[in-house]
file input_17.csv (CSV, C-alpha atoms)
chain,number,residue,atom,x,y,z
D,178,PHE,CA,-32.2,-23.3,10.4
D,179,VAL,CA,-29.7,-20.6,9.8
D,180,ASP,CA,-29.1,-19.1,13.3
D,181,TYR,CA,-30.6,-15.6,12.6
D,182,ASP,CA,-29.5,-14.2,16.0
D,183,LYS,CA,-25.9,-15.1,15.3
D,184,VAL,CA,-26.0,-13.8,11.8
D,185,SER,CA,-27.5,-10.5,12.9
D,186,GLN,CA,-24.6,-10.0,15.3
D,187,MET,CA,-22.2,-9.6,12.4
D,188,CYS,CA,-23.6,-6.0,11.9
D,189,ASN,CA,-21.7,-3.6,14.1
D,190,SER,CA,-23.5,-0.3,14.6
D,191,GLU,CA,-20.3,1.3,16.0
D,192,LEU,CA,-18.5,0.8,12.6
D,193,THR,CA,-18.9,2.6,9.3
D,194,LEU,CA,-17.5,1.9,5.9
D,195,SER,CA,-14.3,3.7,5.4
D,196,GLU,CA,-12.6,5.3,2.4
D,197,SER,CA,-9.0,4.8,3.6
D,198,LEU,CA,-6.9,3.1,6.2
D,199,THR,CA,-4.0,4.6,8.1
D,200,GLN,CA,-0.8,2.7,8.8
D,201,GLU,CA,-1.6,2.7,12.5
D,202,LYS,CA,-5.0,1.2,12.0
D,203,LYS,CA,-3.7,-1.3,9.5
D,204,GLY,CA,-1.6,-2.7,12.3
D,205,ALA,CA,-4.7,-4.3,13.7
D,206,TYR,CA,-5.0,-6.6,10.7
D,207,THR,CA,-2.9,-9.6,9.7
D,208,LYS,CA,-3.8,-9.0,6.0
D,209,VAL,CA,-5.9,-6.4,4.1
D,210,ILE,CA,-7.1,-7.3,0.6
D,211,LEU,CA,-9.1,-5.5,-2.1
D,212,VAL,CA,-11.6,-7.7,-3.9
D,213,ILE,CA,-13.0,-6.8,-7.3
D,214,ASP,CA,-16.0,-8.1,-9.1
D,215,PRO,CA,-15.9,-6.1,-12.3
D,216,ALA,CA,-18.6,-5.4,-14.8
D,217,PHE,CA,-18.2,-3.6,-18.2
D,218,THR,CA,-21.5,-2.1,-19.1
D,219,VAL,CA,-23.8,0.6,-17.6
D,220,ARG,CA,-27.1,-0.6,-19.0
D,221,ARG,CA,-30.1,-0.6,-16.6
D,222,LYS,CA,-30.2,-4.4,-16.2
D,223,SER,CA,-26.4,-5.0,-16.3
D,224,SER,CA,-24.4,-6.1,-13.3
D,225,TYR,CA,-22.7,-3.7,-10.9
D,226,SER,CA,-19.0,-3.4,-10.4
D,227,VAL,CA,-18.1,-4.0,-6.7
D,228,VAL,CA,-14.9,-3.2,-4.9
D,229,ILE,CA,-14.6,-4.2,-1.3
D,230,THR,CA,-11.8,-4.0,1.2
D,231,ILE,CA,-11.6,-6.9,3.8
D,232,GLY,CA,-9.2,-7.1,6.7
D,233,LEU,CA,-8.3,-10.3,8.7
D,234,ARG,CA,-8.2,-9.0,12.3
D,235,LYS,CA,-5.2,-10.1,14.4
D,236,ASN,CA,-7.0,-10.2,17.8
D,237,ASP,CA,-9.9,-12.6,16.9
D,238,GLN,CA,-9.2,-13.8,13.3
D,239,LYS,CA,-12.5,-12.3,12.1
D,240,LEU,CA,-13.1,-10.9,8.6
D,241,GLU,CA,-14.0,-7.2,8.8
D,242,ILE,CA,-15.5,-5.4,5.8
D,243,ILE,CA,-13.6,-2.2,6.0
D,244,GLY,CA,-14.6,-0.4,2.8
D,245,GLY,CA,-17.2,-1.0,0.1
D,246,TRP,CA,-18.0,0.6,-3.3
D,247,LYS,CA,-20.7,-0.4,-5.8
D,248,GLY,CA,-21.6,1.3,-9.0
D,249,LYS,CA,-22.1,1.0,-12.8
D,250,VAL,CA,-19.1,2.6,-14.6
D,251,LEU,CA,-17.2,1.9,-17.8
D,252,TRP,CA,-13.8,0.2,-17.6
D,253,GLY,CA,-11.8,3.4,-17.9
D,254,THR,CA,-13.3,4.8,-14.7
D,255,LEU,CA,-13.1,1.5,-12.8
D,256,LYS,CA,-9.4,1.1,-13.9
D,257,ASN,CA,-8.6,4.4,-12.2
D,258,LEU,CA,-10.7,3.7,-9.1
D,259,ILE,CA,-9.1,0.3,-8.3
D,260,PRO,CA,-5.5,1.5,-7.7
D,261,ALA,CA,-6.8,4.6,-5.9
D,262,ARG,CA,-8.7,2.5,-3.4
D,263,ALA,CA,-6.0,-0.1,-3.1
D,264,ASN,CA,-3.4,2.6,-2.2
D,265,ALA,CA,-5.9,4.4,0.1
D,266,PHE,CA,-6.4,1.2,2.1
D,267,LEU,CA,-2.7,0.1,2.0
D,268,VAL,CA,-3.8,-3.3,0.8
D,269,ASP,CA,-1.5,-6.3,0.7
D,270,GLU,CA,-3.2,-8.0,-2.2
D,271,VAL,CA,-5.7,-7.3,-4.9
D,272,ILE,CA,-8.1,-10.1,-5.8
D,273,CYS,CA,-10.1,-10.0,-9.0
D,274,GLU,CA,-12.6,-12.4,-10.5
D,275,ALA,CA,-11.0,-13.8,-13.6
D,276,ASN,CA,-13.8,-15.5,-15.5
D,277,ALA,CA,-14.1,-14.9,-19.3
D,278,GLN,CA,-13.5,-11.3,-20.3
D,279,GLN,CA,-12.7,-10.4,-16.7
D,280,SER,CA,-9.3,-12.0,-17.2
D,281,VAL,CA,-8.4,-8.9,-19.2
D,282,VAL,CA,-8.7,-6.9,-16.0
D,283,ILE,CA,-6.0,-9.0,-14.3
D,284,SER,CA,-3.7,-8.4,-17.2
D,285,GLU,CA,-4.2,-4.6,-17.2
D,286,LEU,CA,-4.0,-4.2,-13.5
D,287,SER,CA,-0.8,-6.3,-13.2
D,288,ARG,CA,0.8,-3.8,-15.6
D,289,ASP,CA,-0.6,-0.7,-13.9
D,290,SER,CA,2.3,1.3,-12.4
D,291,LYS,CA,-0.1,3.1,-10.0
D,292,LEU,CA,-0.9,-0.1,-8.3
D,293,SER,CA,1.7,-1.3,-5.8
D,294,ALA,CA,0.0,-4.4,-4.4
D,295,PRO,CA,0.2,-7.7,-6.3
D,296,VAL,CA,-2.9,-8.8,-8.3
D,297,TYR,CA,-4.2,-12.4,-8.0
D,298,PRO,CA,-7.0,-14.0,-10.1
D,299,ILE,CA,-9.8,-16.0,-8.6
D,300,TYR,CA,-12.3,-18.2,-10.6
D,301,THR,CA,-15.9,-18.6,-9.6
D,302,THR,CA,-16.8,-21.3,-12.0
D,303,GLY,CA,-16.0,-25.0,-12.0
D,304,ALA,CA,-16.2,-27.6,-9.3
D,305,LYS,CA,-15.5,-28.0,-5.6
D,306,ASN,CA,-13.8,-24.9,-4.1
D,307,SER,CA,-14.3,-22.7,-7.1
D,308,ASP,CA,-18.1,-23.3,-7.3
D,309,PRO,CA,-20.1,-20.3,-6.2
D,310,TYR,CA,-22.8,-22.5,-4.7
D,311,GLU,CA,-20.3,-23.8,-2.2
D,312,GLY,CA,-19.3,-20.2,-1.7
D,313,LEU,CA,-22.8,-19.4,-0.6
D,314,SER,CA,-22.8,-22.0,2.1
D,315,MET,CA,-19.3,-20.9,3.2
D,316,VAL,CA,-20.5,-17.3,3.6
D,317,ILE,CA,-23.6,-18.3,5.5
D,318,ARG,CA,-21.5,-20.5,7.8
D,319,LEU,CA,-19.0,-17.8,8.5
D,320,MET,CA,-21.9,-15.4,9.3
D,321,GLU,CA,-23.4,-17.9,11.7
D,322,GLN,CA,-20.0,-18.4,13.4
D,323,GLY,CA,-19.7,-14.6,13.9
D,324,ARG,CA,-16.5,-14.5,11.8
D,325,ILE,CA,-17.6,-11.7,9.4
D,326,ILE,CA,-18.0,-8.1,10.8
D,327,MET,CA,-20.1,-5.8,8.7
D,328,PRO,CA,-20.3,-2.0,9.5
D,329,TYR,CA,-23.8,-0.8,10.2
D,330,GLY,CA,-23.3,2.6,11.8
D,331,ASP,CA,-24.6,5.0,9.1
D,332,GLU,CA,-27.0,5.0,6.3
D,333,ARG,CA,-24.4,4.1,3.6
D,334,SER,CA,-23.1,1.2,5.6
D,335,ARG,CA,-26.7,-0.1,6.3
D,336,THR,CA,-27.6,0.2,2.7
D,337,PHE,CA,-24.5,-1.8,1.6
D,338,ALA,CA,-25.2,-4.4,4.3
D,339,ASP,CA,-28.9,-4.8,3.3
D,340,ASP,CA,-28.0,-5.0,-0.4
D,341,LEU,CA,-25.6,-7.9,0.5
D,342,ALA,CA,-28.4,-9.5,2.5
D,343,ASN,CA,-30.8,-9.4,-0.3
D,344,GLU,CA,-28.3,-10.7,-2.8
D,345,ILE,CA,-27.5,-13.7,-0.6
D,346,ALA,CA,-31.2,-14.4,0.1
D,347,GLU,CA,-32.2,-14.3,-3.5
D,348,TYR,CA,-29.2,-16.1,-5.0
D,349,PRO,CA,-29.2,-17.5,-7.7
D,350,GLU,CA,-32.6,-16.2,-8.7
D,351,GLY,CA,-32.0,-12.5,-7.8
D,352,GLU,CA,-31.2,-9.7,-10.3
D,353,HIS,CA,-27.8,-9.0,-8.8
D,354,ASP,CA,-25.2,-11.0,-6.8
D,355,ASP,CA,-22.2,-8.6,-7.1
D,356,ILE,CA,-21.5,-7.8,-3.4
D,357,TYR,CA,-22.1,-11.4,-2.5
D,358,MET,CA,-19.6,-12.7,-5.1
D,359,ALA,CA,-17.0,-10.2,-4.0
D,360,LEU,CA,-17.4,-11.2,-0.3
D,361,TYR,CA,-17.3,-14.9,-1.3
D,362,MET,CA,-14.0,-14.3,-3.2
D,363,GLY,CA,-12.6,-12.6,-0.1
D,364,CYS,CA,-13.6,-15.4,2.1
D,365,ARG,CA,-12.0,-17.9,-0.2
D,366,ARG,CA,-8.8,-16.0,-0.1
D,367,LEU,CA,-8.6,-15.3,3.6
D,368,VAL,CA,-10.3,-18.4,5.2
D,369,LYS,CA,-9.5,-22.0,4.8
D,370,LEU,CA,-12.4,-24.3,5.9
D,371,ASP,CA,-12.2,-28.1,5.8
D,372,ALA,CA,-14.6,-30.1,3.8
D,373,ASP,CA,-17.0,-30.6,6.7
D,374,ASN,CA,-17.4,-26.9,6.9
D,375,LYS,CA,-18.5,-26.5,3.3
D,376,PRO,CA,-21.7,-28.5,3.0
D,377,LEU,CA,-23.6,-28.4,-0.3
D,378,VAL,CA,-27.1,-27.3,0.9
D,379,ARG,CA,-30.2,-25.8,-0.4
D,380,ILE,CA,-32.0,-23.3,1.8
D,381,GLU,CA,-35.6,-22.3,1.7
D,382,ARG,CA,-37.4,-19.3,3.3
D,383,THR,CA,-39.9,-20.7,5.7
D,384,VAL,CA,-40.9,-18.1,8.4
D,385,PRO,CA,-39.6,-14.5,8.9
D,386,ASN,CA,-35.9,-14.4,9.5
D,387,LYS,CA,-35.6,-18.2,9.5
D,388,TYR,CA,-34.2,-20.5,6.8
D,389,ARG,CA,-34.4,-24.3,6.7
D,390,ILE,CA,-31.6,-26.5,5.3
D,391,LEU,CA,-33.3,-28.9,3.0
D,392,GLY,CA,-30.5,-31.2,2.1
D,393,ARG,CA,-27.3,-31.9,0.2
D,394,SER,CA,-26.7,-32.6,-3.5
D,395,ASN,CA,-24.0,-32.2,-6.0
D,396,HIS,CA,-26.0,-29.4,-7.7
D,397,PHE,CA,-28.5,-27.5,-5.6
D,398,ARG,CA,-30.7,-24.5,-5.8
D,399,TYR,CA,-30.8,-21.6,-3.3
D,400,LEU,CA,-34.5,-20.9,-2.8
D,401,GLY,CA,-34.3,-17.7,-0.7
D,402,LEU,CA,-37.3,-15.5,-1.3
D,403,LEU,CA,-36.2,-12.4,0.7
D,404,SER,CA,-36.5,-9.1,-1.2
D,405,LYS,CA,-36.0,-5.5,-0.5
D,406,SER,CA,-39.8,-5.3,0.3
D,407,THR,CA,-39.4,-7.8,3.2
D,408,ASN,CA,-37.4,-7.8,6.4
D,409,SER,CA,-33.7,-7.3,6.2
D,410,PHE,CA,-31.7,-10.5,6.7
D,411,PHE,CA,-29.5,-8.6,9.2
D,412,LYS,CA,-32.1,-7.0,11.5
D,413,LYS,CA,-35.6,-7.7,12.8
D,414,GLU,CA,-38.3,-5.2,11.8
call {"tool": "encode", "arguments": {"input": "input_17.csv", "output": "structure tokens"}}
result
Amino acid sequence: FVDYDKVSQMCNSELTLSESLTQEKKGAYTKVILVIDPAFTVRRKSSYSVVITIGLRKNDQKLEIIGGWKGKVLWGTLKNLIPARANAFLVDEVICEANAQQSVVISELSRDSKLSAPVYPIYTTGAKNSDPYEGLSMVIRLMEQGRIIMPYGDERSRTFADDLANEIAEYPEGEHDDIYMALYMGCRRLVKLDADNKPLVRIERTVPNKYRILGRSNHFRYLGLLSKSTNSFFKKE
């Protein structure tokens, strides 16, 4: 079973998603990164673009989600939003998914004079560490270990956290996985786990707020059935 009590502790009701970071507050972090999962259409069934800011805290080495944005916009709008948020949060690095046409984003951002932080690509296809299925187990493991801190102190923060919860629970069958993939890329950039901490597992919803690990395989299916109409993964109803 995924330890629900430990996972729920990641939500901090005293924190809220921010829109910027002062130099003084940035001193509490070893590194701050901006992670981008871009999309290019605004159709009803298209993916969302997600931009999240993650800080690696100095005092406890936990990953804190400092800021989060999710929306459906055309590339011209997203291209202006990214450097604005990167500069507002004083980020050290910009991490962007670089699969297929998204590689164009890397090229354009790298040439953007408004963006002071370096831009690094990350790939979420392929084998081993770059496989998003491994990423799923990595994110869940970090949640259980209490190493991810998620703001939960206002309606916007709670909505963002619950959207993340549903994406993780429904992956890969769900309609969207955009926040989850951005968090996964941030985890890959900031945390190094040994092979024993990255099991290939498949997880099935069994009873409310509990998930059973069914086993290992080279290719597995995540069978979460949680949806927005059921309990939040992060809090008991």
call {"tool": "atom_distance", "arguments": {"input": "input_17.csv", "atom1": "CA of His353 (chain D)", "atom2": "CA of Arg335 (chain D)"}}
result
17.6 Å
call {"tool": "residues_around", "arguments": {"input": "input_17.csv", "residues": "Thr207 (chain D)", "least_positions_apart": "6", "cutoff": "6 Å", "atoms": "all atoms listed in the file", "output": "PyMOL selection string"}}
result
chain D and resi 233-235
call {"tool": "closest_residue", "arguments": {"input": "input_17.csv", "among": "D:Leu341, D:Val316, D:Ala277, D:Met187", "to": "Tyr361 (chain D)", "atoms": "all atoms listed in the file"}}
result
D:Val316
call {"tool": "closest_residue", "arguments": {"input": "input_17.csv", "among": "D:Leu319, D:Val281, D:Met362, D:Ala346", "to": "Lys239 (chain D)", "atoms": "all atoms listed in the file"}}
result
D:Leu319
call {"tool": "residues_near_point", "arguments": {"input": "input_17.csv", "point": "(-4.8, -0.5, -7.6)", "cutoff": "12 Å", "atoms": "only C-alpha atoms", "output": "JSON, numbers by chain"}}
result
{"D": [210, 211, 212, 213, 228, 230, 255, 256, 257, 258, 259, 260, 261, 262, 263, 264, 265, 266, 267, 268, 269, 270, 271, 272, 273, 282, 283, 285, 286, 287, 288, 289, 290, 291, 292, 293, 294, 295, 296, 297]}
call {"tool": "residues_around", "arguments": {"input": "input_17.csv", "residues": "region 245-251 of chain D", "least_positions_apart": "4", "cutoff": "10 Å", "atoms": "only C-alpha atoms", "output": "number ranges by chain"}}
result
D: 194-196, 211-221, 223-231, 255-256, 258, 262, 328, 333-334, 337-338, 355-356
call {"tool": "atom_distance", "arguments": {"input": "input_17.csv", "atom1": "CA of Thr301 (chain D)", "atom2": "CA of Ala275 (chain D)"}}
result
7.9 Å
